[in-house]
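Chemist: Provided herewith: structure38.txt, compact mmCIF, C-alpha atoms.
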# COMPACT_ATOMS: atom_id res chain seq x y z
CA MET A 1 -16.52 16.63 0.83
CA ALA A 2 -19.19 14.12 1.95
CA SER A 3 -18.99 13.53 5.72
CA PHE A 4 -20.26 9.95 5.35
CA GLU A 5 -17.04 8.97 3.55
CA PRO A 6 -14.43 9.57 6.28
CA GLU A 7 -11.60 7.55 4.74
CA PHE A 8 -11.97 9.22 1.36
CA ASP A 9 -12.32 12.65 2.97
CA GLN A 10 -9.06 12.07 4.83
CA ALA A 11 -7.17 10.98 1.70
CA TYR A 12 -8.51 13.91 -0.35
CA ASN A 13 -7.77 16.40 2.43
CA ASP A 14 -4.20 15.06 2.68
CA LEU A 15 -3.75 15.90 -1.00
CA ALA A 16 -5.55 19.25 -0.86
CA SER A 17 -3.68 20.37 2.28
CA SER A 18 -0.34 19.43 0.72
CA LEU A 19 -1.07 21.58 -2.32
CA LYS A 20 -2.41 24.50 -0.28
CA SER A 21 0.50 24.46 2.17
CA SER A 22 2.98 24.63 -0.71
CA THR A 23 3.59 27.24 -3.41
CA VAL A 24 2.14 25.08 -6.21
CA LEU A 25 -1.19 26.91 -6.37
CA LYS A 26 0.55 30.28 -5.98
CA TYR A 27 2.67 29.77 -9.09
CA HIS A 28 0.15 27.53 -10.89
CA PRO A 29 -3.37 28.72 -9.93
CA GLU A 30 -4.71 26.72 -12.87
CA TYR A 31 -4.15 23.53 -10.83
CA ARG A 32 -7.19 24.43 -8.72
CA ASN A 33 -9.35 23.08 -11.56
CA PRO A 34 -7.89 19.56 -11.66
CA LEU A 35 -7.97 19.44 -7.85
CA ARG A 36 -11.75 19.94 -8.01
CA VAL A 37 -12.07 17.36 -10.78
CA PHE A 38 -9.89 14.95 -8.81
CA ALA A 39 -12.44 14.92 -5.97
CA ILE A 40 -14.75 12.68 -8.03
CA PRO A 41 -13.81 9.27 -9.50
CA GLU A 42 -14.32 8.81 -13.23
CA ARG A 43 -16.55 5.81 -12.61
CA VAL A 44 -17.93 3.80 -9.68
CA ILE A 45 -19.25 0.29 -10.42
CA GLN A 46 -21.33 -1.54 -7.84
CA PHE A 47 -22.79 -5.02 -8.28
CA ARG A 48 -24.06 -8.02 -6.37
CA VAL A 49 -22.11 -11.24 -5.95
CA ILE A 50 -24.27 -14.35 -5.56
CA TRP A 51 -22.60 -17.58 -4.44
CA GLU A 52 -23.49 -20.80 -2.66
CA ASP A 53 -21.92 -21.93 0.59
CA ASP A 54 -21.12 -25.55 1.42
CA ASN A 55 -24.63 -26.03 2.80
CA ASN A 56 -26.08 -25.12 -0.62
CA CYS A 57 -27.46 -21.87 0.83
CA VAL A 58 -27.40 -18.77 -1.38
CA GLN A 59 -25.22 -15.92 -0.08
CA VAL A 60 -25.05 -12.35 -1.42
CA ASN A 61 -22.25 -9.81 -1.07
CA TYR A 62 -21.56 -6.36 -2.46
CA GLY A 63 -18.96 -6.07 -5.21
CA TYR A 64 -17.27 -2.81 -6.22
CA ARG A 65 -14.80 -1.30 -8.66
CA VAL A 66 -13.81 2.37 -8.35
CA GLN A 67 -12.12 3.46 -11.58
CA PHE A 68 -10.63 6.69 -10.30
CA ASN A 69 -8.45 8.18 -13.02
CA SER A 70 -7.18 7.02 -16.42
CA ALA A 71 -5.16 10.07 -17.49
CA LEU A 72 -1.86 8.18 -17.44
CA GLY A 73 -2.99 4.74 -18.59
CA PRO A 74 -5.46 1.92 -17.97
CA TYR A 75 -6.96 1.75 -14.49
CA LYS A 76 -4.76 -0.26 -12.12
CA GLY A 77 -5.26 -1.32 -8.52
CA GLY A 78 -6.00 -4.22 -6.22
CA LEU A 79 -9.07 -6.15 -5.12
CA ARG A 80 -9.72 -6.24 -1.36
CA PHE A 81 -11.95 -8.92 0.19
CA HIS A 82 -12.73 -7.90 3.77
CA PRO A 83 -15.85 -7.11 5.85
CA SER A 84 -14.71 -3.48 6.21
CA VAL A 85 -14.87 -2.83 2.46
CA ASN A 86 -17.26 -0.06 1.43
CA LEU A 87 -17.24 2.78 -1.09
CA SER A 88 -15.47 5.22 1.22
CA VAL A 89 -12.59 2.79 1.79
CA LEU A 90 -12.31 1.94 -1.90
CA LYS A 91 -12.48 5.58 -3.01
CA PHE A 92 -9.67 6.44 -0.60
CA LEU A 93 -7.61 3.48 -1.77
CA SER A 94 -8.20 4.30 -5.44
CA LEU A 95 -7.17 7.95 -4.92
CA GLU A 96 -3.98 6.82 -3.17
CA GLN A 97 -3.39 4.23 -5.90
CA THR A 98 -3.76 6.87 -8.63
CA LEU A 99 -1.08 9.08 -7.07
CA LYS A 100 1.11 6.08 -6.32
CA ASN A 101 0.92 4.80 -9.90
CA ALA A 102 1.79 8.28 -11.18
CA LEU A 103 4.93 8.21 -9.03
CA THR A 104 6.09 4.92 -10.54
CA GLY A 105 6.70 6.64 -13.88
CA LEU A 106 4.78 3.82 -15.60
CA ASN A 107 1.75 4.45 -17.82
CA LEU A 108 -0.87 3.44 -15.26
CA GLY A 109 -4.13 4.95 -14.09
CA GLY A 110 -5.62 4.31 -10.67
CA ALA A 111 -8.45 2.10 -9.38
CA LYS A 112 -9.42 -0.14 -6.49
CA GLY A 113 -12.12 -2.72 -5.98
CA GLY A 114 -13.31 -5.58 -3.86
CA SER A 115 -16.11 -6.91 -1.73
CA ASP A 116 -17.37 -7.02 1.85
CA PHE A 117 -16.93 -10.81 1.61
CA ASP A 118 -14.92 -12.26 4.52
CA PRO A 119 -12.48 -15.03 3.44
CA LYS A 120 -11.85 -16.09 7.05
CA GLY A 121 -13.55 -19.32 7.99
CA LYS A 122 -14.54 -20.15 4.40
CA SER A 123 -13.68 -23.48 2.78
CA ASP A 124 -11.61 -23.63 -0.41
CA HIS A 125 -14.74 -24.51 -2.36
CA GLU A 126 -16.61 -21.50 -0.97
CA LEU A 127 -13.70 -19.19 -1.79
CA ARG A 128 -13.52 -20.49 -5.35
CA ARG A 129 -17.26 -20.17 -5.92
CA PHE A 130 -17.21 -16.61 -4.63
CA CYS A 131 -14.23 -15.64 -6.83
CA VAL A 132 -15.83 -17.10 -9.96
CA SER A 133 -19.10 -15.25 -9.29
CA PHE A 134 -17.26 -12.00 -8.51
CA MET A 135 -15.22 -12.15 -11.73
CA ARG A 136 -18.23 -13.15 -13.83
CA GLU A 137 -19.60 -9.66 -13.18
CA LEU A 138 -16.32 -7.73 -13.00
CA SER A 139 -15.12 -9.16 -16.34
CA LYS A 140 -17.55 -6.82 -18.14
CA TYR A 141 -15.52 -3.81 -17.05
CA ILE A 142 -11.84 -4.85 -17.15
CA GLY A 143 -9.16 -5.90 -19.63
CA ALA A 144 -5.47 -5.46 -20.44
CA ASP A 145 -5.97 -2.00 -21.96
CA THR A 146 -8.96 -0.92 -19.86
CA ASP A 147 -8.58 -1.85 -16.20
CA VAL A 148 -6.16 -4.35 -14.66
CA PRO A 149 -6.94 -5.39 -11.05
CA ALA A 150 -4.50 -7.16 -8.74
CA GLY A 151 -4.51 -9.06 -5.48
CA ASP A 152 -4.83 -7.17 -2.21
CA MET A 153 -5.96 -7.89 1.36
CA GLY A 154 -7.84 -11.20 1.44
CA CYS A 155 -7.02 -11.90 -2.20
CA THR A 156 -3.91 -14.06 -2.65
CA ARG A 157 -2.37 -15.60 -5.75
CA ARG A 158 -4.77 -18.52 -5.38
CA GLU A 159 -7.85 -16.28 -5.58
CA VAL A 160 -6.27 -14.35 -8.45
CA GLY A 161 -5.80 -17.64 -10.32
CA TRP A 162 -9.44 -18.58 -9.91
CA MET A 163 -10.53 -15.15 -11.11
CA PHE A 164 -8.19 -15.29 -14.10
CA GLY A 165 -9.75 -18.61 -15.09
CA ALA A 166 -13.24 -17.13 -14.69
CA PHE A 167 -12.29 -14.12 -16.85
CA LYS A 168 -10.90 -16.39 -19.56
CA ALA A 169 -14.06 -18.52 -19.53
CA ALA A 170 -16.35 -15.47 -19.70
CA THR A 171 -14.46 -13.60 -22.43
CA THR A 172 -12.57 -16.37 -24.33
CA ARG A 173 -9.49 -14.10 -24.12
CA TRP A 174 -6.08 -14.91 -22.65
CA GLU A 175 -4.65 -11.55 -21.67
CA GLY A 176 -3.01 -9.74 -18.79
CA CYS A 177 -6.39 -8.82 -17.26
CA ILE A 178 -5.15 -9.11 -13.66
CA THR A 179 -1.77 -9.09 -11.88
CA ASN A 180 -0.32 -11.04 -8.96
CA LYS A 181 -0.87 -14.17 -11.04
CA GLY A 182 0.97 -17.41 -10.36
CA ASP A 183 4.40 -18.01 -11.91
CA ALA A 184 2.92 -20.78 -14.08
CA PHE A 185 0.68 -18.49 -16.10
CA GLY A 186 2.16 -15.03 -16.51
CA GLY A 187 2.90 -13.84 -13.00
CA SER A 188 6.03 -11.78 -12.34
CA LEU A 189 8.85 -13.00 -10.17
CA MET A 190 9.44 -10.79 -7.10
CA LYS A 191 5.76 -9.81 -6.89
CA LEU A 192 5.27 -11.21 -3.38
CA GLU A 193 8.44 -9.54 -2.12
CA ALA A 194 7.99 -6.25 -3.96
CA THR A 195 6.14 -4.04 -1.47
CA GLY A 196 8.13 -5.12 1.59
CA PHE A 197 11.50 -5.04 -0.19
CA GLY A 198 10.68 -1.69 -1.80
CA LEU A 199 9.58 -0.25 1.56
CA VAL A 200 12.87 -1.09 3.25
CA HIS A 201 14.85 0.16 0.24
CA TYR A 202 12.95 3.46 0.47
CA VAL A 203 13.82 3.74 4.17
CA SER A 204 17.47 3.02 3.36
CA LEU A 205 17.39 6.00 0.98
CA MET A 206 15.88 8.15 3.76
CA ILE A 207 18.63 7.15 6.17
CA GLU A 208 21.34 7.83 3.60
CA TYR A 209 19.90 11.24 2.70
CA ALA A 210 19.41 12.35 6.31
CA SER A 211 22.84 11.24 7.46
CA SER A 212 26.08 13.16 7.12
CA THR A 213 27.95 9.88 7.66
CA THR A 214 27.70 6.42 6.11
CA GLU A 215 24.73 5.51 8.31
CA SER A 216 22.67 2.54 7.07
CA MET A 217 20.10 -0.04 8.16
CA LEU A 218 22.84 -2.00 9.94
CA GLY A 219 22.01 -2.35 13.63
CA LYS A 220 18.80 -0.32 13.42
CA LYS A 221 15.89 -1.45 15.58
CA VAL A 222 12.70 -1.81 13.54
CA ALA A 223 9.09 -2.05 14.72
CA ILE A 224 6.71 -3.50 12.10
CA SER A 225 2.95 -3.94 12.30
CA GLY A 226 1.07 -6.53 10.29
CA SER A 227 2.09 -10.06 9.36
CA GLY A 228 0.97 -10.35 5.73
CA ASN A 229 3.17 -10.21 2.65
CA VAL A 230 4.22 -6.59 3.16
CA ALA A 231 5.26 -7.06 6.79
CA GLN A 232 6.88 -10.46 6.19
CA TYR A 233 9.11 -9.32 3.34
CA ALA A 234 9.89 -5.99 4.97
CA ALA A 235 11.12 -7.99 7.96
CA ILE A 236 13.20 -10.31 5.76
CA LYS A 237 14.77 -7.41 3.85
CA ALA A 238 15.54 -5.54 7.08
CA ILE A 239 17.12 -8.67 8.59
CA ASN A 240 19.19 -9.16 5.42
CA LEU A 241 20.54 -5.61 5.84
CA GLY A 242 21.55 -6.24 9.44
CA ALA A 243 18.62 -4.58 11.21
CA VAL A 244 16.88 -5.97 14.30
CA VAL A 245 13.15 -6.59 13.82
CA LEU A 246 11.35 -6.18 17.14
CA THR A 247 7.65 -6.76 16.38
CA LEU A 248 5.00 -8.14 14.04
CA SER A 249 1.25 -8.11 14.62
CA ASP A 250 -2.19 -8.97 13.28
CA SER A 251 -5.75 -7.82 13.98
CA LYS A 252 -5.83 -9.91 17.18
CA GLY A 253 -2.65 -8.73 18.86
CA LEU A 254 1.09 -8.07 18.97
CA LEU A 255 4.01 -10.53 18.79
CA LYS A 256 7.16 -9.07 20.32
CA ALA A 257 10.64 -10.60 20.26
CA VAL A 258 12.12 -11.16 23.72
CA SER A 259 15.75 -11.69 22.70
CA ASP A 260 18.08 -8.88 21.59
CA GLU A 261 18.53 -10.49 18.17
CA GLY A 262 14.84 -9.94 17.34
CA PHE A 263 13.05 -12.02 14.75
CA THR A 264 15.08 -14.36 12.54
CA LYS A 265 14.24 -15.32 8.97
CA ASP A 266 13.16 -18.74 10.27
CA ASP A 267 10.72 -16.97 12.61
CA VAL A 268 9.27 -15.03 9.69
CA ALA A 269 8.94 -18.25 7.68
CA LEU A 270 7.02 -19.83 10.56
CA ILE A 271 4.72 -16.80 10.75
CA ALA A 272 4.18 -16.96 6.98
CA SER A 273 3.04 -20.58 7.32
CA ILE A 274 0.60 -19.63 10.08
CA LYS A 275 -0.86 -16.72 8.14
CA GLY A 276 -1.00 -18.84 4.98
CA LYS A 277 -3.54 -20.99 6.83
CA ARG A 278 -5.47 -17.82 7.83
CA LEU A 279 -4.74 -18.49 11.51
CA PRO A 280 -4.09 -15.84 14.19
CA LEU A 281 -0.54 -14.91 15.08
CA SER A 282 -1.13 -16.09 18.64
CA ASN A 283 -0.81 -19.68 17.38
CA ILE A 284 2.96 -19.30 17.44
CA MET A 285 2.84 -19.34 21.25
CA ALA A 286 1.34 -22.85 21.18
CA MET A 287 4.30 -24.11 19.15
CA GLY A 288 6.87 -24.04 21.91
CA GLN A 289 7.98 -20.46 21.15
CA GLY A 290 6.92 -18.88 24.46
CA GLN A 291 10.52 -18.32 25.58
CA ARG A 292 11.40 -16.31 22.48
CA PHE A 293 8.27 -14.17 22.11
CA GLU A 294 5.76 -12.20 24.10
CA TYR A 295 2.19 -12.04 22.81
CA LEU A 296 0.00 -9.08 23.81
CA GLU A 297 -3.63 -9.59 22.90
CA GLY A 298 -5.41 -6.62 21.33
CA GLU A 299 -2.26 -4.48 21.22
CA ARG A 300 -0.29 -2.72 18.46
CA PRO A 301 3.49 -2.28 18.46
CA TRP A 302 3.88 1.45 18.88
CA LYS A 303 3.60 1.80 22.67
CA HIS A 304 5.42 -1.45 23.43
CA VAL A 305 8.95 -0.78 22.16
CA LYS A 306 11.37 0.88 24.58
CA GLU A 307 14.06 1.62 22.01
CA VAL A 308 13.39 1.84 18.28
CA ASP A 309 14.89 3.60 15.27
CA ILE A 310 12.40 2.80 12.48
CA ALA A 311 8.63 2.21 12.44
CA LEU A 312 6.91 0.53 9.50
CA PRO A 313 3.09 0.50 9.88
CA SER A 314 2.15 -2.27 7.45
CA ALA A 315 -1.30 -3.50 8.50
CA THR A 316 -4.19 -1.17 7.61
CA GLN A 317 -5.30 2.46 7.43
CA ASN A 318 -5.14 4.77 10.48
CA GLU A 319 -3.36 2.15 12.54
CA MET A 320 -1.16 4.70 14.32
CA SER A 321 -2.67 7.44 16.51
CA LYS A 322 -1.09 10.66 17.75
CA ASP A 323 -0.54 9.11 21.20
CA GLU A 324 1.23 6.16 19.61
CA ALA A 325 3.33 8.51 17.49
CA GLU A 326 4.40 10.36 20.64
CA ALA A 327 5.32 7.06 22.28
CA LEU A 328 7.44 6.09 19.29
CA MET A 329 9.34 9.36 19.31
CA SER A 330 9.93 9.03 23.06
CA ALA A 331 11.48 5.63 22.29
CA GLY A 332 13.93 7.30 19.89
CA CYS A 333 12.21 6.57 16.58
CA ARG A 334 13.56 8.75 13.75
CA PHE A 335 12.17 7.21 10.56
CA ILE A 336 8.53 6.29 9.92
CA ALA A 337 7.43 4.88 6.55
CA GLU A 338 3.96 3.58 5.73
CA GLY A 339 3.86 0.05 4.38
CA SER A 340 0.06 0.28 4.56
CA ASN A 341 -1.98 2.91 2.73
CA MET A 342 -2.66 5.92 4.97
CA GLY A 343 -1.35 3.95 7.93
CA CYS A 344 -0.97 7.00 10.17
CA ALA A 345 -3.78 9.24 11.40
CA GLN A 346 -3.64 12.88 10.28
CA ASP A 347 -2.66 14.21 13.72
CA ALA A 348 0.15 11.64 13.93
CA ILE A 349 1.47 12.83 10.56
CA GLN A 350 1.29 16.46 11.70
CA LEU A 351 3.33 15.55 14.76
CA PHE A 352 5.99 13.82 12.66
CA GLU A 353 6.07 16.72 10.20
CA SER A 354 6.69 19.18 13.05
CA ARG A 355 9.90 17.33 13.93
CA ARG A 356 11.73 17.52 10.59
CA ALA A 357 13.73 20.58 11.71
CA ASP A 358 14.95 19.27 15.09
CA ASP A 359 18.54 18.57 16.03
CA PRO A 360 20.06 16.23 13.40
CA ASN A 361 20.40 13.47 16.00
CA GLU A 362 16.76 13.71 17.10
CA ARG A 363 14.72 14.90 14.11
CA VAL A 364 11.99 12.67 12.69
CA TRP A 365 11.26 11.95 9.04
CA PHE A 366 7.96 10.57 7.77
CA ALA A 367 7.24 8.91 4.40
CA PRO A 368 3.66 8.38 3.18
CA GLY A 369 2.49 5.09 1.68
CA LYS A 370 2.04 6.56 -1.78
CA GLY A 371 5.83 6.85 -1.90
CA ALA A 372 7.19 4.29 0.53
CA ASN A 373 5.04 1.28 -0.42
CA ILE A 374 5.22 1.83 -4.15
CA GLY A 375 7.00 -1.50 -4.76
CA GLY A 376 3.89 -3.65 -5.24
CA SER A 377 2.40 -1.19 -7.71
CA ALA A 378 5.69 -1.02 -9.57
CA VAL A 379 6.04 -4.78 -10.03
CA SER A 380 2.35 -5.08 -10.98
CA GLY A 381 3.11 -2.62 -13.77
CA LEU A 382 6.19 -4.64 -14.72
CA GLU A 383 4.04 -7.78 -14.81
CA MET A 384 1.80 -6.04 -17.35
CA VAL A 385 4.88 -5.25 -19.46
CA GLN A 386 6.01 -8.88 -19.34
CA ASN A 387 2.52 -10.11 -20.28
CA SER A 388 2.47 -7.77 -23.28
CA GLN A 389 5.85 -9.10 -24.36
CA ARG A 390 4.84 -12.72 -23.67
CA LEU A 391 8.00 -12.98 -21.57
CA THR A 392 9.00 -13.68 -17.97
CA TRP A 393 11.95 -11.64 -16.76
CA PRO A 394 14.58 -13.10 -14.40
CA ALA A 395 14.14 -12.15 -10.74
CA ALA A 396 17.33 -10.08 -10.79
CA GLN A 397 15.99 -7.95 -13.64
CA VAL A 398 12.67 -7.37 -11.88
CA GLU A 399 14.43 -6.50 -8.62
CA ALA A 400 16.75 -4.03 -10.36
CA GLU A 401 13.77 -2.34 -12.04
CA LEU A 402 11.92 -2.27 -8.70
CA TYR A 403 14.75 -0.44 -6.96
CA ARG A 404 15.18 1.96 -9.88
CA ILE A 405 11.49 2.91 -9.64
CA VAL A 406 11.65 3.26 -5.83
CA GLU A 407 14.68 5.53 -6.11
CA SER A 408 13.00 7.64 -8.80
CA CYS A 409 9.90 7.97 -6.61
CA PHE A 410 11.99 9.01 -3.59
CA HIS A 411 13.88 11.68 -5.51
CA SER A 412 10.67 12.97 -7.15
CA GLY A 413 9.24 13.60 -3.69
CA ILE A 414 12.45 15.29 -2.54
CA GLU A 415 12.65 17.59 -5.58
CA ALA A 416 8.96 18.56 -5.44
CA ALA A 417 9.31 19.46 -1.76
CA LYS A 418 12.40 21.55 -2.44
CA THR A 419 10.75 23.30 -5.38
CA TYR A 420 7.33 24.02 -3.92
CA THR A 421 7.81 24.42 -0.15
CA ASP A 422 9.52 27.19 1.81
CA MET A 423 12.07 24.95 3.48
CA ARG A 424 14.50 26.21 6.06
CA ALA A 425 18.09 25.13 5.63
CA GLU A 426 18.02 22.86 8.69
CA GLU A 427 14.85 21.04 7.63
CA LEU A 428 14.54 17.71 5.90
CA PRO A 429 12.26 17.94 2.83
CA SER A 430 8.64 16.92 3.47
CA LEU A 431 8.17 13.60 1.71
CA PHE A 432 4.49 13.82 2.66
CA VAL A 433 3.94 17.09 0.79
CA GLY A 434 6.49 16.37 -1.93
CA SER A 435 5.05 12.97 -2.88
CA ASN A 436 1.53 14.39 -3.08
CA ILE A 437 2.71 17.26 -5.27
CA ALA A 438 4.87 15.14 -7.58
CA GLY A 439 2.07 12.66 -8.28
CA PHE A 440 -0.65 15.29 -8.64
CA VAL A 441 1.27 17.59 -11.00
CA LYS A 442 1.99 14.71 -13.35
CA LEU A 443 -1.70 13.74 -13.37
CA ALA A 444 -2.92 17.34 -13.73
CA ASP A 445 -0.70 17.94 -16.76
CA ALA A 446 -1.93 14.75 -18.44
CA MET A 447 -5.56 15.64 -17.69
CA HIS A 448 -5.03 19.12 -19.17
CA ALA A 449 -3.45 17.71 -22.32
CA GLN A 450 -6.50 15.46 -22.78
CA GLY A 451 -9.02 18.27 -22.20
CA ASP A 452 -10.28 17.11 -18.81
CA TRP A 453 -9.84 20.69 -17.50
CA TRP A 454 -8.94 24.01 -19.10
Would you kindly transcribe this structure into structure tokens?
Modeler:
Amino acid sequence: MASFEPEFDQAYNDLASSLKSSTVLKYHPEYRNPLRVFAIPERVIQFRVIWEDDNNCVQVNYGYRVQFNSALGPYKGGLRFHPSVNLSVLKFLSLEQTLKNALTGLNLGGAKGGSDFDPKGKSDHELRRFCVSFMRELSKYIGADTDVPAGDMGCTRREVGWMFGAFKAATTRWEGCITNKGDAFGGSLMKLEATGFGLVHYVSLMIEYASSTTESMLGKKVAISGSGNVAQYAAIKAINLGAVVLTLSDSKGLLKAVSDEGFTKDDVALIASIKGKRLPLSNIMAMGQGQRFEYLEGERPWKHVKEVDIALPSATQNEMSKDEAEALMSAGCRFIAEGSNMGCAQDAIQLFESRRADDPNERVWFAPGKGANIGGSAVSGLEMVQNSQRLTWPAAQVEAELYRIVESCFHSGIEAAKTYTDMRAEELPSLFVGSNIAGFVKLADAMHAQGDWW
């Protein structure tokens, strides 16, 4: 693998190591061929995005779309607008998205795209001009049956709406060319909540499976990183289930609840309003909230919780190191599930994996993002279904389908781990290995049937 693409190398090695540590290649040596094919995206599109700022000065950014794999359906994956965006990041995200979409059970391929454009500090007019220019070029390569992007980091429903309008103007077609649209023009209900709600539902399934009693989320102490949609709705869902949310964070620092009750839903709503204005989380301390919260500049949650049961990294990739993983386990953490893609460093994951066979009251269970944060991908796929039907489903129907898909994904990972790993009786199944295997086998079989390898 190319050493100048560290994020992609890490994602590919996670997959390859899962397959090699299992019995999949022993019983199915033919899967070595699709693993080699899977190392290279089907198509990488790179283009320039020219836009004018409010001073009428021309600005230029890079635009990308990595169409990774279409064996199971049209390419599907988000658009990320952030200065850190480059081909390595997008290739890693598109690989993860391909496996994640396979685990949904929906007919979706995998892709990811975006730009190194930074939305922070830009006026509404600058954001709109950038989005229109970006979609003017991207529209040549996408469509309802070809490639369907979605919103992602730095790309909210507002930006999606502008891009949908630009696509319609460029192509004269009204179609489900992008998801995370507004409710007024084909967006799905529950889309904003989907990833966070699905994440907490996945953790609830982990707790239920690992427990010999009727243990649940009730009373569990939860540390969450991030403060975007995923973190906000994970916090709300956890609070609804009776858990205590201890932390939220952003790229500038950590917000920690001082009281034993943790964050309330009103607190999360206040944070949502702050982040909706693209302001730092520290602003909450200037709103008369200093008695209820502690703000630690430049810090992440994992070393700052004394007692915790569940950790949900929900900010960005590699946000949890081995040292932070050790600190979490010392604080009593037993369940870790990635709300972000590849949120834990490889050595942190190895540490968690080594603890699956401990005493039932102390063992640790880790869930990778391709399984645990599947909710957003699932509802994006359901939005495509609704667009094809020219219908909008009730929120209850979408939520029921979301949880059905999450449960199917969870059990697929469990069964693959049981089938293809040499588990000891006292061990919990490896959701890390099992999720990789379950997604890859489904893709490999589809690729074989279409002649991509033989």
Chemist: Mind checking which residues fall within 10 Å of region 301-304 of chain A, counting all atoms listed in the file, ignoring those fewer than 6 positions away in the same chain, and posting them as a ChimeraX atom specification?
Modeler: /A:223-226,246-249,253-256,311-313,319-321,323-331
Chemist: Include C-alpha atoms and write out the residues we just selected as a compact mmCIF listing (two decimals), in the coordinates of the input.
Modeler:
# COMPACT_ATOMS: atom_id res chain seq x y z
CA ALA A 223 9.09 -2.05 14.72
CA ILE A 224 6.71 -3.50 12.10
CA SER A 225 2.95 -3.94 12.30
CA GLY A 226 1.07 -6.53 10.29
CA LEU A 246 11.35 -6.18 17.14
CA THR A 247 7.65 -6.76 16.38
CA LEU A 248 5.00 -8.14 14.04
CA SER A 249 1.25 -8.11 14.62
CA GLY A 253 -2.65 -8.73 18.86
CA LEU A 254 1.09 -8.07 18.97
CA LEU A 255 4.01 -10.53 18.79
CA LYS A 256 7.16 -9.07 20.32
CA ALA A 311 8.63 2.21 12.44
CA LEU A 312 6.91 0.53 9.50
CA PRO A 313 3.09 0.50 9.88
CA GLU A 319 -3.36 2.15 12.54
CA MET A 320 -1.16 4.70 14.32
CA SER A 321 -2.67 7.44 16.51
CA ASP A 323 -0.54 9.11 21.20
CA GLU A 324 1.23 6.16 19.61
CA ALA A 325 3.33 8.51 17.49
CA GLU A 326 4.40 10.36 20.64
CA ALA A 327 5.32 7.06 22.28
CA LEU A 328 7.44 6.09 19.29
CA MET A 329 9.34 9.36 19.31
CA SER A 330 9.93 9.03 23.06
CA ALA A 331 11.48 5.63 22.29
Chemist: For a quick check of understanding, using all atoms listed in the file, which of A:Ser412, A:Asn387, A:Ser435, A:Thr156 has the smallest distance to Trp174 (chain A)?
Modeler: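 Of A:Ser412, A:Asn387, A:Ser435, A:Thr156, the one nearest Trp174 (chain A), counting all atoms listed in the file, is A:Asn387.
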Chemist: From the options A:Ser21, A:Thr421, A:Asn61, A:Gln67, which residue's atoms come nearest to Pro119 (chain A), counting all atoms listed in the file?
Modeler: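 That would be A:Asn61, the residue with the smallest distance to Pro119 (chain A).
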Chemist: What does the distance between CA of Tyr12 (chain A) and CA of Ile349 (chain A) come to in Å, to one decimal place?
Modeler: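 CA of Ile349 (chain A) lies at a distance of 14.8 Å from CA of Tyr12 (chain A).
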Chemist: Hey, which of A:Gly242, A:Gly375, A:Gly110, A:Gly187 ends up closest to Pro394 (chain A)? Count only C-alpha atoms.
Modeler: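 Among the listed residues, the smallest separation from Pro394 (chain A) belongs to A:Gly187.
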Chemist: Rounded to one decimal place, report the CA of Tyr75 (chain A)-CA of Arg157 (chain A) distance in Å.
Modeler: 20.0 Å
Chemist: Show which residues sit within 12 Å of Asp124 (chain A), as a list in words. Count only C-alpha atoms, and ignore same-chain residues fewer than 2 positions away.
Modeler: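 Once the adjacent positions are removed, what remains is Asp53, Asp54, Pro119, Lys120, Gly121, Lys122, Glu126, Leu127, Arg128, Arg129, Phe130, Cys131, Arg158, Glu159, Trp162, Lys277 and Arg278 of chain A.
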Chemist: Of the candidates A:Asn318, A:Gln346, A:Ser430, A:Ser123, which one gets nearest to Asp14 (chain A) if we count only C-alpha atoms?
Modeler: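 Among A:Asn318, A:Gln346, A:Ser430, A:Ser123, it is A:Gln346 that comes nearest to Asp14 (chain A).
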Chemist: Counting all atoms listed in the file, which of A:Glu7, A:Glu399, A:Glu30, A:Asp267 gets nearest to Leu192 (chain A)?
Modeler: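 Distance minimum relative to Leu192 (chain A) lands on A:Glu399.
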Chemist: Within 10 Å of (-6.4, 2.5, -16.1) in the file's own coordinates, which protein, DNA or RNA residues have an atom, counting all atoms listed in the file? List them as a compact mmCIF listing (two decimals) with C-alpha atoms, in the coordinates of the input.
Modeler:
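Contents of selection-v4.txt, freshly written:
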# COMPACT_ATOMS: atom_id res chain seq x y z
CA GLN A 67 -12.12 3.46 -11.58
CA PHE A 68 -10.63 6.69 -10.30
CA ASN A 69 -8.45 8.18 -13.02
CA SER A 70 -7.18 7.02 -16.42
CA ALA A 71 -5.16 10.07 -17.49
CA LEU A 72 -1.86 8.18 -17.44
CA GLY A 73 -2.99 4.74 -18.59
CA PRO A 74 -5.46 1.92 -17.97
CA TYR A 75 -6.96 1.75 -14.49
CA LYS A 76 -4.76 -0.26 -12.12
CA GLY A 77 -5.26 -1.32 -8.52
CA THR A 98 -3.76 6.87 -8.63
CA ASN A 101 0.92 4.80 -9.90
CA ASN A 107 1.75 4.45 -17.82
CA LEU A 108 -0.87 3.44 -15.26
CA GLY A 109 -4.13 4.95 -14.09
CA GLY A 110 -5.62 4.31 -10.67
CA ALA A 111 -8.45 2.10 -9.38
CA ILE A 142 -11.84 -4.85 -17.15
CA GLY A 143 -9.16 -5.90 -19.63
CA ALA A 144 -5.47 -5.46 -20.44
CA ASP A 145 -5.97 -2.00 -21.96
CA THR A 146 -8.96 -0.92 -19.86
CA ASP A 147 -8.58 -1.85 -16.20
CA VAL A 148 -6.16 -4.35 -14.66
CA PRO A 149 -6.94 -5.39 -11.05
Chemist: With all atoms listed in the file as the counted atoms, please give the residues lying no more than 7 Å from Ala234 (chain A), apart from itself and same-chain residues fewer than 3 positions off, as a ChimeraX atom specification.
Modeler: /A:196-197,199-200,230-231,237-238
